[in-house]
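This is protein_2.cif. It holds mmCIF, C-alpha atoms and all ligand atoms.
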```cif
data_target
#
loop_
_atom_site.label_atom_id
_atom_site.label_comp_id
_atom_site.auth_asym_id
_atom_site.auth_seq_id
_atom_site.Cartn_x
_atom_site.Cartn_y
_atom_site.Cartn_z
CA MET G 1 75.12 85.49 81.50
CA GLU G 2 76.77 88.83 82.04
CA PHE G 3 79.81 89.93 83.96
CA ASP G 4 80.31 93.19 85.79
CA PRO G 5 83.30 93.58 88.12
CA ARG G 6 81.49 95.76 90.66
CA ARG G 7 78.48 93.48 90.88
CA GLU G 8 80.60 90.34 91.31
CA THR G 9 82.68 91.72 94.19
CA THR G 10 79.53 92.21 96.28
CA SER G 11 77.57 89.18 95.08
CA ASP G 12 77.14 86.18 97.37
CA ALA G 13 77.80 83.82 94.49
CA PRO G 14 80.29 85.28 92.03
CA HIS G 15 81.80 81.88 91.35
CA ALA G 16 78.96 80.70 89.13
CA VAL G 17 79.67 83.68 86.87
CA TYR G 18 83.43 83.06 87.02
CA ALA G 19 82.94 79.36 86.12
CA TRP G 20 80.81 80.37 83.14
CA LEU G 21 83.50 82.82 82.00
CA ARG G 22 86.28 80.23 82.35
CA GLU G 23 84.41 77.48 80.54
CA GLU G 24 82.30 79.34 77.97
CA GLU G 25 83.89 82.74 77.40
CA PRO G 26 87.60 82.60 78.28
CA VAL G 27 87.96 85.90 76.43
CA HIS G 28 84.85 87.83 77.38
CA TYR G 29 83.97 91.36 76.32
CA CYS G 30 82.05 93.35 78.93
CA ALA G 31 80.46 96.11 76.82
CA ALA G 32 79.07 98.06 79.79
CA ARG G 33 82.59 98.69 81.09
CA ASP G 34 84.49 98.31 77.81
CA LEU G 35 86.65 95.54 79.28
CA TYR G 36 87.99 92.27 77.96
CA VAL G 37 88.03 89.68 80.74
CA LEU G 38 90.46 86.77 81.20
CA SER G 39 89.58 84.13 83.77
CA ARG G 40 91.72 81.02 83.19
CA HIS G 41 94.78 80.49 85.39
CA ALA G 42 97.11 79.77 82.43
CA ASP G 43 95.92 82.80 80.42
CA ILE G 44 96.34 85.20 83.34
CA LEU G 45 99.76 83.80 84.16
CA ALA G 46 100.83 84.22 80.51
CA ALA G 47 99.53 87.82 80.53
CA VAL G 48 101.42 88.90 83.64
CA LYS G 49 104.58 87.23 82.37
CA ASP G 50 104.38 89.51 79.32
CA PRO G 51 104.31 93.06 80.73
CA GLU G 52 105.47 94.49 77.39
CA THR G 53 102.12 93.53 75.91
CA PHE G 54 99.96 93.73 79.05
CA ALA G 55 100.95 97.13 80.40
CA SER G 56 100.11 98.60 83.80
CA GLY G 57 101.05 102.16 82.88
CA GLU G 58 97.50 103.14 81.85
CA GLY G 59 96.10 102.23 85.28
CA ILE G 60 95.12 98.84 86.72
CA VAL G 61 91.49 99.34 87.72
CA PRO G 62 88.53 99.04 85.34
CA SER G 63 87.84 102.79 85.46
CA GLY G 64 91.41 103.45 84.29
CA PHE G 65 92.05 105.74 87.29
CA LYS G 66 95.71 106.62 87.84
CA PRO G 67 97.10 108.60 90.75
CA ASP G 68 98.78 111.93 89.99
CA GLU G 69 102.17 110.86 91.36
CA PRO G 70 104.36 108.29 89.58
CA THR G 71 103.83 105.06 91.47
CA ILE G 72 105.24 101.54 91.23
CA ILE G 73 102.00 99.64 90.70
CA VAL G 74 101.13 101.60 87.54
CA MET G 75 104.65 101.69 86.08
CA ASP G 76 106.08 99.59 83.27
CA PRO G 77 109.69 98.57 82.69
CA PRO G 78 112.27 100.04 82.64
CA ALA G 79 110.97 102.65 85.13
CA HIS G 80 109.25 99.92 87.16
CA THR G 81 112.43 97.82 87.36
CA ALA G 82 114.44 100.70 88.80
CA MET G 83 111.69 101.72 91.21
CA ARG G 84 111.14 98.17 92.45
CA ARG G 85 114.87 97.69 93.09
CA HIS G 86 114.87 100.89 95.06
CA VAL G 87 111.80 100.15 97.12
CA MET G 88 112.89 96.58 97.90
CA ARG G 89 115.34 98.12 100.37
CA ALA G 90 112.40 98.82 102.64
CA PHE G 91 110.87 95.34 102.22
CA THR G 92 113.71 93.04 103.21
CA PRO G 93 112.71 89.85 105.07
CA ARG G 94 114.51 91.19 108.15
CA ARG G 95 112.55 94.45 108.14
CA MET G 96 109.28 92.60 107.65
CA GLU G 97 110.16 90.14 110.42
CA SER G 98 110.95 93.02 112.76
CA LEU G 99 107.32 94.15 112.49
CA THR G 100 105.97 90.85 113.82
CA PRO G 101 106.00 91.82 117.54
CA ARG G 102 104.25 95.09 116.68
CA VAL G 103 101.56 93.26 114.70
CA ARG G 104 101.04 90.98 117.70
CA ALA G 105 100.83 93.93 120.08
CA ILE G 106 98.36 95.81 117.85
CA ALA G 107 96.11 92.73 117.55
CA ALA G 108 96.21 92.25 121.33
CA GLU G 109 95.46 95.93 121.93
CA LEU G 110 92.41 95.83 119.69
CA LEU G 111 91.04 92.63 121.22
CA ALA G 112 91.60 93.92 124.74
CA GLY G 113 88.91 96.51 124.01
CA TRP G 114 86.31 93.84 123.22
CA PRO G 115 83.54 93.07 125.72
CA ALA G 116 83.61 89.71 127.55
CA ASP G 117 80.62 88.44 125.57
CA GLY G 118 77.73 89.69 123.47
CA GLU G 119 78.09 91.11 119.96
CA ILE G 120 80.66 93.35 118.30
CA ASP G 121 81.35 94.61 114.78
CA ALA G 122 84.61 92.83 113.94
CA PHE G 123 85.13 95.19 110.96
CA GLU G 124 85.09 98.32 113.09
CA HIS G 125 87.02 96.80 115.97
CA PHE G 126 89.49 94.47 114.28
CA THR G 127 89.68 93.82 110.53
CA ASP G 128 89.72 97.51 109.58
CA PRO G 129 91.95 99.11 112.24
CA LEU G 130 94.58 96.34 112.33
CA PRO G 131 96.04 96.83 108.82
CA ILE G 132 95.82 100.62 109.14
CA ALA G 133 97.80 100.53 112.38
CA VAL G 134 100.37 98.16 110.85
CA MET G 135 100.75 100.43 107.82
CA ALA G 136 101.24 103.47 110.06
CA GLU G 137 103.92 101.43 111.86
CA LEU G 138 105.65 100.44 108.60
CA LEU G 139 105.71 104.00 107.28
CA GLY G 140 106.60 105.39 110.66
CA VAL G 141 103.71 107.83 111.00
CA ASP G 142 102.15 108.51 114.36
CA ALA G 143 99.12 106.71 115.74
CA GLN G 144 97.02 109.88 115.63
CA ASP G 145 97.36 109.87 111.81
CA ARG G 146 95.48 106.57 111.53
CA PRO G 147 92.02 108.18 111.06
CA LEU G 148 93.36 110.29 108.18
CA PHE G 149 94.81 107.15 106.59
CA LYS G 150 91.49 105.41 106.87
CA ARG G 151 89.51 108.30 105.43
CA CYS G 152 91.81 108.64 102.45
CA GLY G 153 92.11 104.90 101.83
CA ASP G 154 88.34 104.45 101.90
CA ALA G 155 87.72 107.39 99.58
CA ILE G 156 90.10 105.90 97.06
CA VAL G 157 89.38 102.18 97.12
CA TYR G 158 85.61 102.30 97.42
CA SER G 159 84.91 105.16 95.06
CA SER G 160 85.83 103.39 91.83
CA GLY G 161 83.35 104.50 89.22
CA ALA G 162 82.69 107.68 91.22
CA ASP G 163 83.94 111.17 90.50
CA PRO G 164 87.75 111.06 90.03
CA GLU G 165 87.87 114.51 91.70
CA THR G 166 86.73 112.94 95.00
CA ILE G 167 89.64 110.53 94.79
CA ARG G 168 92.09 113.31 93.90
CA ALA G 169 90.89 115.45 96.83
CA ALA G 170 91.52 112.54 99.24
CA GLN G 171 94.90 111.98 97.67
CA ARG G 172 95.85 115.64 98.05
CA GLU G 173 94.80 115.68 101.71
CA LEU G 174 97.00 112.69 102.41
CA GLU G 175 99.90 114.08 100.45
CA SER G 176 99.95 117.46 102.10
CA HIS G 177 100.05 115.69 105.46
CA LEU G 178 102.85 113.37 104.33
CA GLU G 179 104.93 116.30 103.07
CA GLY G 180 105.03 117.53 106.65
CA VAL G 181 106.11 114.07 107.84
CA PHE G 182 108.91 113.99 105.19
CA GLU G 183 110.16 117.31 106.45
CA GLU G 184 110.31 116.03 110.02
CA ARG G 185 112.08 112.79 109.02
CA ARG G 186 114.68 114.71 107.03
CA ARG G 187 115.48 116.72 110.14
CA ALA G 188 115.38 113.75 112.52
CA PRO G 189 115.48 110.36 110.72
CA ARG G 190 113.99 107.31 112.45
CA GLN G 191 114.12 103.57 111.72
CA ASP G 192 111.08 103.68 109.44
CA LEU G 193 110.29 103.28 105.75
CA ILE G 194 109.95 107.01 105.09
CA SER G 195 113.32 107.84 106.69
CA LEU G 196 114.97 104.93 104.84
CA LEU G 197 113.61 105.84 101.43
CA LEU G 198 114.40 109.54 101.85
CA SER G 199 118.07 108.57 102.16
CA PRO G 200 120.07 107.59 99.05
CA ALA G 201 120.69 103.88 98.31
CA ASP G 202 124.25 102.48 98.18
CA ASP G 203 124.48 103.42 94.48
CA GLY G 204 123.60 107.00 95.40
CA ALA G 205 120.13 106.90 93.83
CA ALA G 206 117.30 108.38 95.88
CA LEU G 207 113.58 108.67 95.42
CA SER G 208 112.28 112.12 94.65
CA GLU G 209 109.68 113.53 97.02
CA ARG G 210 106.98 112.99 94.39
CA GLU G 211 108.02 109.38 93.96
CA LEU G 212 107.94 108.80 97.70
CA LEU G 213 104.49 110.38 97.91
CA GLY G 214 103.34 108.05 95.13
CA LEU G 215 104.75 105.06 96.98
CA CYS G 216 103.12 105.96 100.31
CA PHE G 217 99.83 106.45 98.52
CA THR G 218 100.13 103.06 96.81
CA LEU G 219 101.09 101.32 100.03
CA LEU G 220 98.09 102.77 101.76
CA VAL G 221 95.69 101.74 99.01
CA ALA G 222 97.31 98.39 98.16
CA GLY G 223 98.17 97.35 101.69
CA THR G 224 95.31 98.24 104.02
CA GLU G 225 91.95 97.57 102.38
CA THR G 226 93.27 94.35 100.87
CA THR G 227 94.34 92.99 104.23
CA THR G 228 91.09 94.17 105.83
CA SER G 229 89.18 92.28 103.15
CA ALA G 230 91.34 89.18 103.66
CA LEU G 231 90.75 89.18 107.43
CA GLY G 232 87.01 89.66 107.00
CA ASN G 233 86.81 86.94 104.35
CA ALA G 234 88.66 84.65 106.76
CA LEU G 235 86.09 85.26 109.51
CA TRP G 236 83.27 84.67 107.06
CA LEU G 237 84.78 81.46 105.67
CA LEU G 238 85.55 80.00 109.09
CA ASP G 239 82.02 80.79 110.21
CA ARG G 240 80.81 78.71 107.27
CA HIS G 241 83.28 75.95 108.11
CA PRO G 242 82.94 75.57 111.89
CA ASP G 243 84.98 72.34 111.93
CA TRP G 244 87.91 74.25 110.52
CA LYS G 245 87.32 77.16 112.86
CA ARG G 246 87.58 74.80 115.82
CA ARG G 247 90.55 72.92 114.39
CA LEU G 248 92.54 76.09 113.71
CA ALA G 249 91.78 77.37 117.21
CA GLU G 250 93.16 74.11 118.57
CA GLU G 251 96.07 73.75 116.15
CA PRO G 252 97.36 77.26 115.34
CA ALA G 253 100.29 75.65 113.50
CA LEU G 254 97.83 75.01 110.65
CA ILE G 255 96.93 78.70 110.33
CA PRO G 256 99.65 79.66 107.77
CA ALA G 257 98.39 76.99 105.32
CA ALA G 258 94.79 78.01 106.05
CA VAL G 259 95.69 81.62 105.20
CA GLU G 260 96.80 80.52 101.72
CA GLU G 261 93.55 78.65 101.18
CA ILE G 262 91.51 81.64 102.40
CA LEU G 263 93.35 83.87 99.92
CA ARG G 264 92.70 81.37 97.11
CA PHE G 265 89.08 80.65 97.96
CA GLU G 266 87.89 84.23 98.57
CA SER G 267 90.55 86.37 96.95
CA PRO G 268 90.51 89.90 98.44
CA VAL G 269 91.56 91.43 95.11
CA GLN G 270 89.22 89.77 92.64
CA GLY G 271 90.79 91.27 89.54
CA LEU G 272 93.03 94.04 88.19
CA SER G 273 93.46 95.26 84.66
CA ARG G 274 96.08 95.98 82.02
CA VAL G 275 96.02 97.76 78.65
CA VAL G 276 97.33 95.76 75.66
CA ARG G 277 100.01 97.36 73.53
CA ARG G 278 99.36 95.18 70.46
CA ASP G 279 96.54 93.02 69.12
CA VAL G 280 96.33 89.80 71.15
CA HIS G 281 94.87 86.63 69.63
CA LEU G 282 93.52 84.19 72.19
CA HIS G 283 90.91 81.40 72.09
CA GLY G 284 89.87 82.44 68.59
CA ARG G 285 89.25 86.08 69.50
CA THR G 286 91.22 89.26 68.99
CA ILE G 287 91.75 91.75 71.76
CA PRO G 288 92.56 94.97 69.89
CA LYS G 289 95.60 97.09 70.68
CA GLY G 290 94.71 99.72 73.30
CA ALA G 291 91.91 97.66 74.89
CA ARG G 292 91.66 97.26 78.66
CA VAL G 293 91.92 93.66 79.84
CA HIS G 294 90.69 92.58 83.26
CA LEU G 295 92.64 89.75 84.88
CA LEU G 296 90.31 87.89 87.23
CA TRP G 297 92.65 86.45 89.85
CA ALA G 298 89.63 85.12 91.77
CA ALA G 299 88.41 83.10 88.78
CA ALA G 300 91.91 81.76 88.10
CA ASN G 301 92.09 80.68 91.74
CA ARG G 302 89.11 78.37 91.22
CA ASP G 303 90.24 77.05 87.82
CA PRO G 304 89.94 73.23 87.87
CA ARG G 305 92.86 73.08 85.41
CA ALA G 306 95.09 74.47 88.18
CA PHE G 307 93.43 73.25 91.40
CA PRO G 308 91.87 69.82 91.90
CA ASP G 309 88.36 70.10 93.37
CA PRO G 310 88.66 73.91 93.32
CA ASP G 311 85.35 74.69 95.04
CA ARG G 312 86.31 72.70 98.12
CA PHE G 313 87.69 74.79 100.99
CA ASP G 314 90.71 72.77 102.06
CA PRO G 315 93.22 74.49 104.33
CA LEU G 316 95.54 71.50 103.92
CA ARG G 317 95.69 71.95 100.15
CA SER G 318 99.20 71.52 98.79
CA PRO G 319 100.50 72.79 96.47
CA ASN G 320 98.45 75.98 96.52
CA ASN G 321 99.74 78.18 93.71
CA HIS G 322 97.08 80.84 93.97
CA LEU G 323 97.35 84.23 92.30
CA ALA G 324 95.84 86.28 95.11
CA PHE G 325 99.05 88.34 95.35
CA GLY G 326 99.43 88.54 91.56
CA PHE G 327 102.49 87.16 89.78
CA GLY G 328 105.53 88.37 87.88
CA ILE G 329 107.09 91.81 88.02
CA HIS G 330 104.24 93.37 90.02
CA PHE G 331 103.97 90.49 92.53
CA CYS G 332 102.73 91.98 95.80
CA LEU G 333 105.57 93.68 97.66
CA GLY G 334 103.71 93.35 100.94
CA ALA G 335 102.85 89.64 100.63
CA SER G 336 105.01 88.55 103.54
CA LEU G 337 103.72 91.35 105.78
CA ALA G 338 100.13 90.56 104.77
CA ARG G 339 100.70 86.88 105.59
CA THR G 340 102.07 87.85 109.00
CA GLU G 341 99.06 90.08 109.68
CA LEU G 342 96.65 87.35 108.66
CA ARG G 343 98.41 84.65 110.65
CA ILE G 344 98.74 86.72 113.80
CA GLY G 345 95.30 88.28 113.40
CA LEU G 346 93.62 84.89 113.12
CA GLU G 347 95.65 83.34 115.91
CA ALA G 348 94.72 86.18 118.25
CA LEU G 349 91.09 86.25 117.24
CA LEU G 350 90.57 82.50 117.48
CA ASN G 351 92.27 82.53 120.84
CA ARG G 352 90.00 85.34 122.06
CA ALA G 353 86.72 84.14 120.52
CA PRO G 354 87.03 80.52 119.35
CA ASP G 355 83.24 80.07 119.31
CA TYR G 356 82.37 83.29 117.52
CA ARG G 357 79.39 83.25 115.14
CA LEU G 358 78.66 85.82 112.47
CA ASP G 359 75.28 87.51 112.46
CA THR G 360 74.80 86.69 108.77
CA THR G 361 71.56 88.68 108.58
CA ASN G 362 73.43 91.87 109.22
CA LEU G 363 76.60 91.69 107.10
CA ALA G 364 77.52 94.32 104.53
CA ARG G 365 79.93 93.91 101.65
CA LEU G 366 81.90 96.93 100.47
CA PRO G 367 81.18 98.03 96.91
CA SER G 368 84.30 98.04 94.76
CA ASP G 369 85.41 97.17 91.21
CA THR G 370 88.35 95.21 92.55
CA ASN G 371 88.16 94.28 96.24
CA ARG G 372 85.90 91.69 97.80
CA GLY G 373 85.42 92.24 101.50
CA PHE G 374 83.08 93.26 104.28
CA GLY G 375 82.33 96.71 105.69
CA ARG G 376 80.18 95.36 108.52
CA LEU G 377 80.86 92.06 110.31
CA PRO G 378 78.78 91.68 113.48
CA ILE G 379 79.93 88.67 115.46
CA ARG G 380 78.61 86.99 118.58
CA LEU G 381 81.50 86.22 120.82
CA GLY G 382 80.51 82.98 122.59
CA ASP G 383 82.03 82.06 125.92
CA GLY G 384 85.15 80.26 124.65
CA SER G 385 84.41 77.17 126.70
CA ALA G 386 84.51 74.86 123.67
CA ARG G 387 88.11 75.73 122.99
CA ARG G 388 89.19 75.79 126.60
CA GLU G 389 87.95 72.20 126.96
CA SER G 390 89.13 70.76 123.66
CA SER G 391 92.40 72.62 123.23
CA ARG G 392 94.08 71.42 126.37
CA PRO G 393 95.80 68.40 124.78
CA ALA G 394 96.98 70.50 121.80
CA LEU G 395 98.39 73.21 124.04
CA GLN G 396 100.07 70.67 126.29
CA GLN G 397 101.58 68.97 123.27
CA ARG G 398 103.04 72.25 122.05
CA ARG G 399 104.42 73.15 125.43
CA SER G 400 106.19 69.81 125.77
CA ALA G 401 107.49 69.89 122.15
C1 LIG G 501 95.98 90.18 101.71
C2 LIG G 501 96.51 91.34 101.42
C3 LIG G 501 97.00 91.72 100.05
C4 LIG G 501 96.60 91.29 98.82
C5 LIG G 501 95.53 90.28 98.51
C6 LIG G 501 97.41 91.99 97.85
C7 LIG G 501 97.30 91.80 96.48
C8 LIG G 501 98.15 92.36 95.54
C9 LIG G 501 98.12 92.09 94.13
C10 LIG G 501 97.12 91.18 93.44
C11 LIG G 501 99.12 92.81 93.55
C12 LIG G 501 99.50 92.78 92.07
C13 LIG G 501 99.15 94.03 91.33
C14 LIG G 501 99.27 93.88 89.84
O1 LIG G 501 99.70 92.85 89.34
O2 LIG G 501 98.88 94.82 89.14
C15 LIG G 501 99.77 93.56 94.58
C16 LIG G 501 100.81 94.45 94.39
C17 LIG G 501 101.34 95.25 95.37
N1 LIG G 501 101.07 95.17 96.72
FE1 LIG G 501 99.75 93.93 97.62
N2 LIG G 501 98.27 92.83 98.48
C18 LIG G 501 98.07 92.69 99.84
C19 LIG G 501 98.76 93.34 100.85
C20 LIG G 501 99.75 94.27 100.66
C21 LIG G 501 100.47 94.96 101.71
C22 LIG G 501 100.27 94.70 103.21
C23 LIG G 501 101.33 95.84 101.11
C24 LIG G 501 102.31 96.80 101.71
C25 LIG G 501 102.79 96.73 102.89
C26 LIG G 501 101.15 95.69 99.66
C27 LIG G 501 101.84 96.40 98.72
C28 LIG G 501 101.80 96.13 97.36
C29 LIG G 501 102.58 96.87 96.38
C30 LIG G 501 103.53 98.04 96.66
C31 LIG G 501 102.29 96.31 95.13
C32 LIG G 501 102.85 96.74 93.79
C33 LIG G 501 104.12 96.00 93.45
C34 LIG G 501 104.65 96.37 92.08
O3 LIG G 501 103.94 96.99 91.30
O4 LIG G 501 105.81 96.02 91.80
N3 LIG G 501 100.20 94.74 99.44
N4 LIG G 501 99.17 93.26 95.80
#
```

Can the structure from this file be put into structure tokens for me?
Amino acid sequence: MEFDPRRETTSDAPHAVYAWLREEEPVHYCAARDLYVLSRHADILAAVKDPETFASGEGIVPSGFKPDEPTIIVMDPPAHTAMRRHVMRAFTPRRMESLTPRVRAIAAELLAGWPADGEIDAFEHFTDPLPIAVMAELLGVDAQDRPLFKRCGDAIVYSSGADPETIRAAQRELESHLEGVFEERRRAPRQDLISLLLSPADDGAALSERELLGLCFTLLVAGTETTTSALGNALWLLDRHPDWKRRLAEEPALIPAAVEEILRFESPVQGLSRVVRRDVHLHGRTIPKGARVHLLWAAANRDPRAFPDPDRFDPLRSPNNHLAFGFGIHFCLGASLARTELRIGLEALLNRAPDYRLDTTNLARLPSDTNRGFGRLPIRLGDGSARRESSRPALQQRRSA
């Protein structure tokens, strides 16, 4: 068997390859991409707990691409430690919680534009615009900037392996726009992330403009396409598990646990890489100093050593220690916001179209070295009668609780 990150993200059955890697080749060398691949839960956990050896500073995607600006996700300690402390100011639980009503309103706005029945592309009209609108809200940029965000995000995430100049051009377009926004926020600060991070922290430290540009760029790349992929994967999985689709529509209280299982089962970020700063000896093989190592979160998330019956989709699974948001010093900063988007997005969608069915003959997966998600998701809406009939007792129960 062979492994290639880009092929696996778009394959319908990557898990056979991942199982082979885990069982037969726990340290696999992919010559075509010059990558060593780790796939076992314990090995990946050990790697991310040792950032001195497994460094992010040389880029975290198989192509080795790194943005021009210094940015948190490709920093190593001690610079990463200082940056993360700084940025955490903008990611407090209270700030994240305060976005919840906006996420709900954005989801409702998008669904209000859907036809009463018939077919609609859920990617174009829900899974793609929702995270972009939420990101614009978090940063505090205006709604009319959303198309620019999308164009730049797409150019960056889905062009891995393509000409790095294309990526840089998209990055520059975004940055020159953001510079204008910084200028405005300096003059008239608002209650948003950009205004907050332009102002010095309590210890007097402030981000430079280049650092803030790098952060915005990372947030856009790390926070929109990932959530889009997660929402699309959720629709796909629930279509394949209609009993769960119906149950979650009837019992929305189960959606948060289902979100964790969706992230484990079809991880939106399948893998990210590190570069080793010394020779690493593992499972009888040596990974030489300077080699790029790909950490396959998606394979770890189906490792039978970590999850009983790992190929069973079980939204009631507990515990569910998946690695879909990474682990350790680079653990996803937006995890709680992403969970909110997924919970609210699914609640709203299952309320609007509880009987939806995917047109599986017409789906398209997005090509990427890292992300697994859909770029076309045609769904038939159904008339909702199934839920209206069967959900009455559940709704009544909740009202009287
Ligand atoms: C379902 C959606 C998401 C998934 C699956 C996801 C996944 C990940 C993963 C796997 C990492 C670890 C990177 C590494 O170890 O190299 C990460 C880091 C990060 N994520 Fe997310 N992410 C999601 C949503 C978001 C959102 C919504 C935001 C922002 C609002 C965000 C911001 C970040 C940032 C800034 C980092 C870097 C943290 C650091 O380097 O210290 N992510 N994410």

Under the rule of at most 7 Å, produce a per-residue listing of chain G near ligand LIG 501 (chain G): chain, number, name, the closest pair of atoms, and the distance in Å, as CSV, using only C-alpha atoms and all ligand atoms.
```
residue,atom,partner,partner_atom,distance
G:Ser56,CA,G:LIG501,O2,6.7
G:Ile60,CA,G:LIG501,O2,6.0
G:Ile72,CA,G:LIG501,O3,4.7
G:Ile73,CA,G:LIG501,O3,3.3
G:Val74,CA,G:LIG501,O3,6.6
G:His80,CA,G:LIG501,O4,7.0
G:Arg84,CA,G:LIG501,O4,5.8
G:Met135,CA,G:LIG501,C25,6.5
G:Thr218,CA,G:LIG501,C30,6.1
G:Leu219,CA,G:LIG501,C24,5.0
G:Ala222,CA,G:LIG501,N3,4.8
G:Gly223,CA,G:LIG501,C21,3.3
G:Thr224,CA,G:LIG501,C22,6.1
G:Thr226,CA,G:LIG501,C2,4.5
G:Thr227,CA,G:LIG501,C2,3.9
G:Ala230,CA,G:LIG501,C1,5.1
G:Leu263,CA,G:LIG501,C5,6.9
G:Ser267,CA,G:LIG501,C5,6.5
G:Pro268,CA,G:LIG501,C5,5.0
G:Val269,CA,G:LIG501,C5,5.4
G:Leu272,CA,G:LIG501,O2,6.0
G:Ala324,CA,G:LIG501,C5,5.3
G:Phe325,CA,G:LIG501,C10,3.9
G:Gly326,CA,G:LIG501,C10,4.0
G:Phe327,CA,G:LIG501,O1,6.4
G:Ile329,CA,G:LIG501,O4,5.8
G:His330,CA,G:LIG501,O4,3.6
G:Phe331,CA,G:LIG501,C12,5.0
G:Cys332,CA,G:LIG501,C16,3.4
G:Leu333,CA,G:LIG501,C28,4.5
G:Gly334,CA,G:LIG501,C23,3.4
G:Ala335,CA,G:LIG501,C19,5.5
G:Leu337,CA,G:LIG501,C22,5.5
G:Ala338,CA,G:LIG501,C22,4.4
G:Arg339,CA,G:LIG501,C1,6.9
```

Exercise. If I put a ball of radius 12 Å at (105.0, 111.4, 88.2) in the file's coordinates, which residues poke into it when counting all atoms listed in the file, written as a VMD selection string?
Worked result: chain G and resid 57 66 to 72 74 to 75 79 207 to 215

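Once range 108-117 of chain G and its same-chain neighbours fewer than 3 positions away are set aside, Arg104, Ala105, His125, Phe126, Ala348, Leu381, Gly382 and Asp383 of chain G remain within 7 Å of it when counting all atoms listed in the file.
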
Problem set entry | Shell around Ala249 in chain G at 7 Å using all atoms listed in the file, local window under 6 positions removed, as a PyMOL selection string | chain G and resi 350-351+354

For this session: Using all atoms listed in the file, pick whichever of G:Tyr36, G:Gly271, G:Leu235, G:Glu250 has the shortest atom-to-atom distance to Asp121 in chain G.
Result: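 Of G:Tyr36, G:Gly271, G:Leu235, G:Glu250, the one nearest Asp121 in chain G, counting all atoms listed in the file, is G:Leu235.
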
For this session: Compare G:Glu341, G:Gly59, G:Thr53, G:Arg172 by their minimum atom-to-atom distance to Arg278 in chain G, counting only C-alpha atoms, and give me the closest one.
Result: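 Going through G:Glu341, G:Gly59, G:Thr53, G:Arg172 one by one, the smallest distance to Arg278 in chain G is for G:Thr53.
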
Problem set entry | Atom pair CA of Arg317 in chain G / CA of Lys245 in chain G: separation (Å) | 16.1 Å
